[in-house]
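Below is data06.csv, holding CSV, N, CA and C atoms.
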chain,number,residue,atom,x,y,z
H,13,MET,N,-9.5,19.5,6.5
H,13,MET,CA,-9.2,18.1,6.9
H,13,MET,C,-8.6,17.3,5.7
H,14,ARG,N,-8.9,17.7,4.5
H,14,ARG,CA,-8.4,16.9,3.4
H,14,ARG,C,-6.9,17.0,3.3
H,15,SER,N,-6.3,18.2,3.5
H,15,SER,CA,-4.9,18.4,3.4
H,15,SER,C,-4.1,17.6,4.5
H,16,ARG,N,-4.8,17.4,5.7
H,16,ARG,CA,-4.2,16.7,6.8
H,16,ARG,C,-4.0,15.2,6.4
H,17,ILE,N,-5.0,14.7,5.7
H,17,ILE,CA,-5.0,13.3,5.3
H,17,ILE,C,-4.1,13.1,4.0
H,18,ARG,N,-4.0,14.1,3.2
H,18,ARG,CA,-3.2,13.9,2.0
H,18,ARG,C,-1.7,13.7,2.2
H,19,TRP,N,-1.1,14.4,3.2
H,19,TRP,CA,0.4,14.2,3.4
H,19,TRP,C,0.8,12.8,3.8
H,20,PRO,N,0.1,12.2,4.8
H,20,PRO,CA,0.5,10.8,5.2
H,20,PRO,C,0.3,9.8,4.0
H,21,SER,N,-0.8,10.0,3.3
H,21,SER,CA,-1.1,9.1,2.2
H,21,SER,C,0.0,9.3,1.1
H,22,LEU,N,0.4,10.5,0.9
H,22,LEU,CA,1.4,10.7,-0.1
H,22,LEU,C,2.8,10.1,0.3
H,23,ILE,N,3.1,10.2,1.6
H,23,ILE,CA,4.3,9.7,2.1
H,23,ILE,C,4.3,8.2,2.0
H,24,VAL,N,3.2,7.5,2.3
H,24,VAL,CA,3.1,6.1,2.3
H,24,VAL,C,3.1,5.6,0.8
H,25,ALA,N,2.5,6.4,-0.1
H,25,ALA,CA,2.5,6.0,-1.5
H,25,ALA,C,4.0,6.1,-2.1
H,26,LEU,N,4.7,7.1,-1.7
H,26,LEU,CA,6.1,7.3,-2.2
H,26,LEU,C,7.0,6.2,-1.6
H,27,ALA,N,6.7,5.9,-0.3
H,27,ALA,CA,7.5,4.8,0.3
H,27,ALA,C,7.3,3.5,-0.4
H,28,ALA,N,6.0,3.2,-0.8
H,28,ALA,CA,5.6,2.0,-1.4
H,28,ALA,C,6.3,1.9,-2.8
H,29,VAL,N,6.3,3.0,-3.5
H,29,VAL,CA,6.9,3.1,-4.8
H,29,VAL,C,8.4,2.8,-4.7
H,30,PHE,N,9.1,3.4,-3.7
H,30,PHE,CA,10.5,3.3,-3.5
H,30,PHE,C,10.8,1.8,-3.2
H,31,VAL,N,10.0,1.2,-2.3
H,31,VAL,CA,10.3,-0.2,-2.0
H,31,VAL,C,10.1,-1.1,-3.2
H,32,ALA,N,9.1,-0.8,-4.0
H,32,ALA,CA,8.8,-1.6,-5.2
H,32,ALA,C,10.0,-1.5,-6.2
H,33,VAL,N,10.4,-0.3,-6.4
H,33,VAL,CA,11.5,-0.1,-7.4
H,33,VAL,C,12.8,-0.7,-6.9
H,34,ALA,N,13.1,-0.5,-5.6
H,34,ALA,CA,14.3,-1.1,-5.0
H,34,ALA,C,14.3,-2.6,-5.1
H,35,THR,N,13.1,-3.2,-4.9
H,35,THR,CA,13.0,-4.7,-4.9
H,35,THR,C,13.2,-5.2,-6.4
H,36,ILE,N,12.7,-4.5,-7.3
H,36,ILE,CA,12.8,-4.9,-8.7
H,36,ILE,C,14.3,-4.8,-9.1
H,37,VAL,N,15.0,-3.7,-8.7
H,37,VAL,CA,16.4,-3.5,-9.1
H,37,VAL,C,17.2,-4.6,-8.4
H,38,GLN,N,16.9,-4.9,-7.2
H,38,GLN,CA,17.7,-6.0,-6.5
H,38,GLN,C,17.4,-7.3,-7.1
H,39,ALA,N,16.2,-7.6,-7.5
H,39,ALA,CA,15.9,-8.9,-8.2
H,39,ALA,C,16.6,-9.0,-9.5
H,40,VAL,N,16.7,-7.9,-10.3
H,40,VAL,CA,17.4,-7.9,-11.6
H,40,VAL,C,18.9,-8.1,-11.3
H,41,ARG,N,19.5,-7.5,-10.4
H,41,ARG,CA,20.9,-7.6,-10.1
H,41,ARG,C,21.2,-9.0,-9.6
H,42,GLN,N,20.4,-9.6,-8.8
H,42,GLN,CA,20.6,-11.0,-8.3
H,42,GLN,C,20.2,-12.1,-9.3
H,43,GLY,N,19.4,-11.7,-10.3
H,43,GLY,CA,18.9,-12.7,-11.2
H,43,GLY,C,18.0,-13.7,-10.5
H,44,SER,N,17.3,-13.3,-9.5
H,44,SER,CA,16.5,-14.2,-8.7
H,44,SER,C,15.2,-13.6,-8.3
H,45,TRP,N,14.2,-14.4,-8.0
H,45,TRP,CA,12.9,-13.9,-7.5
H,45,TRP,C,12.8,-13.8,-6.0
H,46,SER,N,13.9,-14.1,-5.3
H,46,SER,CA,13.8,-14.1,-3.9
H,46,SER,C,13.6,-12.7,-3.3
H,47,PRO,N,14.1,-11.6,-3.8
H,47,PRO,CA,13.8,-10.3,-3.3
H,47,PRO,C,12.3,-9.9,-3.4
H,48,VAL,N,11.7,-10.4,-4.5
H,48,VAL,CA,10.3,-10.1,-4.8
H,48,VAL,C,9.4,-10.9,-3.8
H,49,ILE,N,9.8,-12.1,-3.6
H,49,ILE,CA,9.1,-13.0,-2.6
H,49,ILE,C,9.2,-12.5,-1.2
H,50,ALA,N,10.4,-12.0,-0.9
H,50,ALA,CA,10.7,-11.5,0.5
H,50,ALA,C,9.9,-10.2,0.8
H,51,THR,N,9.6,-9.4,-0.2
H,51,THR,CA,8.9,-8.1,0.1
H,51,THR,C,7.5,-8.2,-0.5
H,52,GLY,N,7.0,-9.3,-0.8
H,52,GLY,CA,5.6,-9.4,-1.4
H,52,GLY,C,4.5,-9.0,-0.4
H,53,TRP,N,4.8,-9.1,0.8
H,53,TRP,CA,3.8,-8.8,1.8
H,53,TRP,C,3.5,-7.3,2.0
H,54,VAL,N,4.5,-6.4,1.5
H,54,VAL,CA,4.4,-5.0,1.7
H,54,VAL,C,3.1,-4.4,1.0
H,55,PRO,N,2.9,-4.7,-0.3
H,55,PRO,CA,1.7,-4.1,-0.9
H,55,PRO,C,0.4,-4.6,-0.2
H,56,VAL,N,0.3,-5.8,0.3
H,56,VAL,CA,-0.9,-6.3,1.0
H,56,VAL,C,-1.1,-5.5,2.2
H,57,VAL,N,-0.1,-5.2,3.0
H,57,VAL,CA,-0.3,-4.4,4.2
H,57,VAL,C,-0.7,-3.0,3.9
H,58,ILE,N,-0.1,-2.4,2.8
H,58,ILE,CA,-0.5,-1.0,2.5
H,58,ILE,C,-1.9,-1.0,2.0
H,59,ILE,N,-2.4,-1.9,1.2
H,59,ILE,CA,-3.8,-1.9,0.8
H,59,ILE,C,-4.7,-2.2,1.9
H,60,ALA,N,-4.4,-3.0,2.8
H,60,ALA,CA,-5.3,-3.3,3.9
H,60,ALA,C,-5.4,-2.2,4.9
H,61,THR,N,-4.3,-1.4,5.0
H,61,THR,CA,-4.4,-0.3,6.0
H,61,THR,C,-4.6,1.1,5.3
H,62,TRP,N,-4.9,1.1,4.1
H,62,TRP,CA,-5.1,2.4,3.4
H,62,TRP,C,-6.4,3.0,3.9
H,63,PRO,N,-6.4,4.3,4.2
H,63,PRO,CA,-7.5,4.9,4.9
H,63,PRO,C,-8.9,4.8,4.2
H,64,ALA,N,-9.0,4.8,2.9
H,64,ALA,CA,-10.2,4.8,2.2
H,64,ALA,C,-10.8,3.4,2.0
H,65,SER,N,-10.0,2.4,2.3
H,65,SER,CA,-10.4,1.0,2.0
H,65,SER,C,-11.5,0.5,2.9
H,66,TYR,N,-11.6,1.0,4.1
H,66,TYR,CA,-12.7,0.5,5.0
H,66,TYR,C,-13.9,1.3,4.9
H,67,ARG,N,-13.9,2.5,4.3
H,67,ARG,CA,-15.0,3.4,4.2
H,67,ARG,C,-16.0,2.9,3.2
H,68,ARG,N,-15.5,2.2,2.1
H,68,ARG,CA,-16.4,1.8,1.0
H,68,ARG,C,-17.3,0.7,1.5
H,69,CYS,N,-16.9,-0.2,2.4
H,69,CYS,CA,-17.6,-1.4,2.8
H,69,CYS,C,-18.5,-1.1,4.0
H,70,ARG,N,-18.3,0.0,4.6
H,70,ARG,CA,-19.0,0.2,5.9
H,70,ARG,C,-20.5,0.6,5.6
H,71,ILE,N,-21.4,0.0,6.3
H,71,ILE,CA,-22.8,0.3,6.2
H,71,ILE,C,-23.2,1.5,7.0
H,72,ARG,N,-23.9,2.5,6.5
H,72,ARG,CA,-24.2,3.7,7.2
H,72,ARG,C,-25.5,3.4,8.1
H,73,ARG,N,-25.6,4.2,9.1
H,73,ARG,CA,-26.8,4.0,10.0
H,73,ARG,C,-28.0,4.5,9.2
H,74,GLY,N,-29.1,3.7,9.5
H,74,GLY,CA,-30.4,4.1,8.9
H,74,GLY,C,-30.6,3.4,7.6
H,75,GLN,N,-29.6,2.7,7.0
H,75,GLN,CA,-29.8,2.0,5.8
H,75,GLN,C,-30.1,0.5,6.0
H,76,ALA,N,-30.9,-0.1,5.2
H,76,ALA,CA,-31.2,-1.5,5.3
H,76,ALA,C,-30.0,-2.3,4.9
H,77,GLY,N,-29.6,-3.3,5.6
H,77,GLY,CA,-28.5,-4.1,5.3
H,77,GLY,C,-28.8,-5.3,4.5
Structure translated into structure tokens:
Amino acid sequence: MRSRIRWPSLIVALAAVFVAVATIVQAVRQGSWSPVIATGWVPVVIIATWPASYRRCRIRRGQAG
């Protein structure tokens, strides 16, 4: 089961790195912060939807809350 989860996570991580690098390159070329501001929501969405992010905060059955 681990290998099945690893590939989508790897693809998402590589896509995030690609978007980040492309945004920085475009911002440097334009000499403006507008590309960074326009794509600033992407890391927030990736962090919020990352598979392990919800597991840490979930209370297990049988434990006192």
A straight line from atom C of Ile58 (chain H) to atom N of Gly43 (chain H) spans 26.8 Å
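Between CA of Ile36 (chain H) and CA of Ile59 (chain H) the separation is 19.4 Å.
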Skip Trp45 (chain H) itself and residues of its chain fewer than 6 positions away, then list as a PyMOL selection string all residues within 10 Å of it, counting only C-alpha atoms.
chain H and resi 35-36+38-39
Quick one: write out the picked residues with N, CA and C atoms as a compact mmCIF listing (two decimals), in the frame of the given file?
# COMPACT_ATOMS: atom_id res chain seq x y z
N THR H 35 13.10 -3.20 -4.90
CA THR H 35 13.00 -4.70 -4.90
C THR H 35 13.20 -5.20 -6.40
N ILE H 36 12.70 -4.50 -7.30
CA ILE H 36 12.80 -4.90 -8.70
C ILE H 36 14.30 -4.80 -9.10
N GLN H 38 16.90 -4.90 -7.20
CA GLN H 38 17.70 -6.00 -6.50
C GLN H 38 17.40 -7.30 -7.10
N ALA H 39 16.20 -7.60 -7.50
CA ALA H 39 15.90 -8.90 -8.20
C ALA H 39 16.60 -9.00 -9.50
Atom pair CA of Val31 (chain H) + CA of Val54 (chain H), distance 8.5 Å
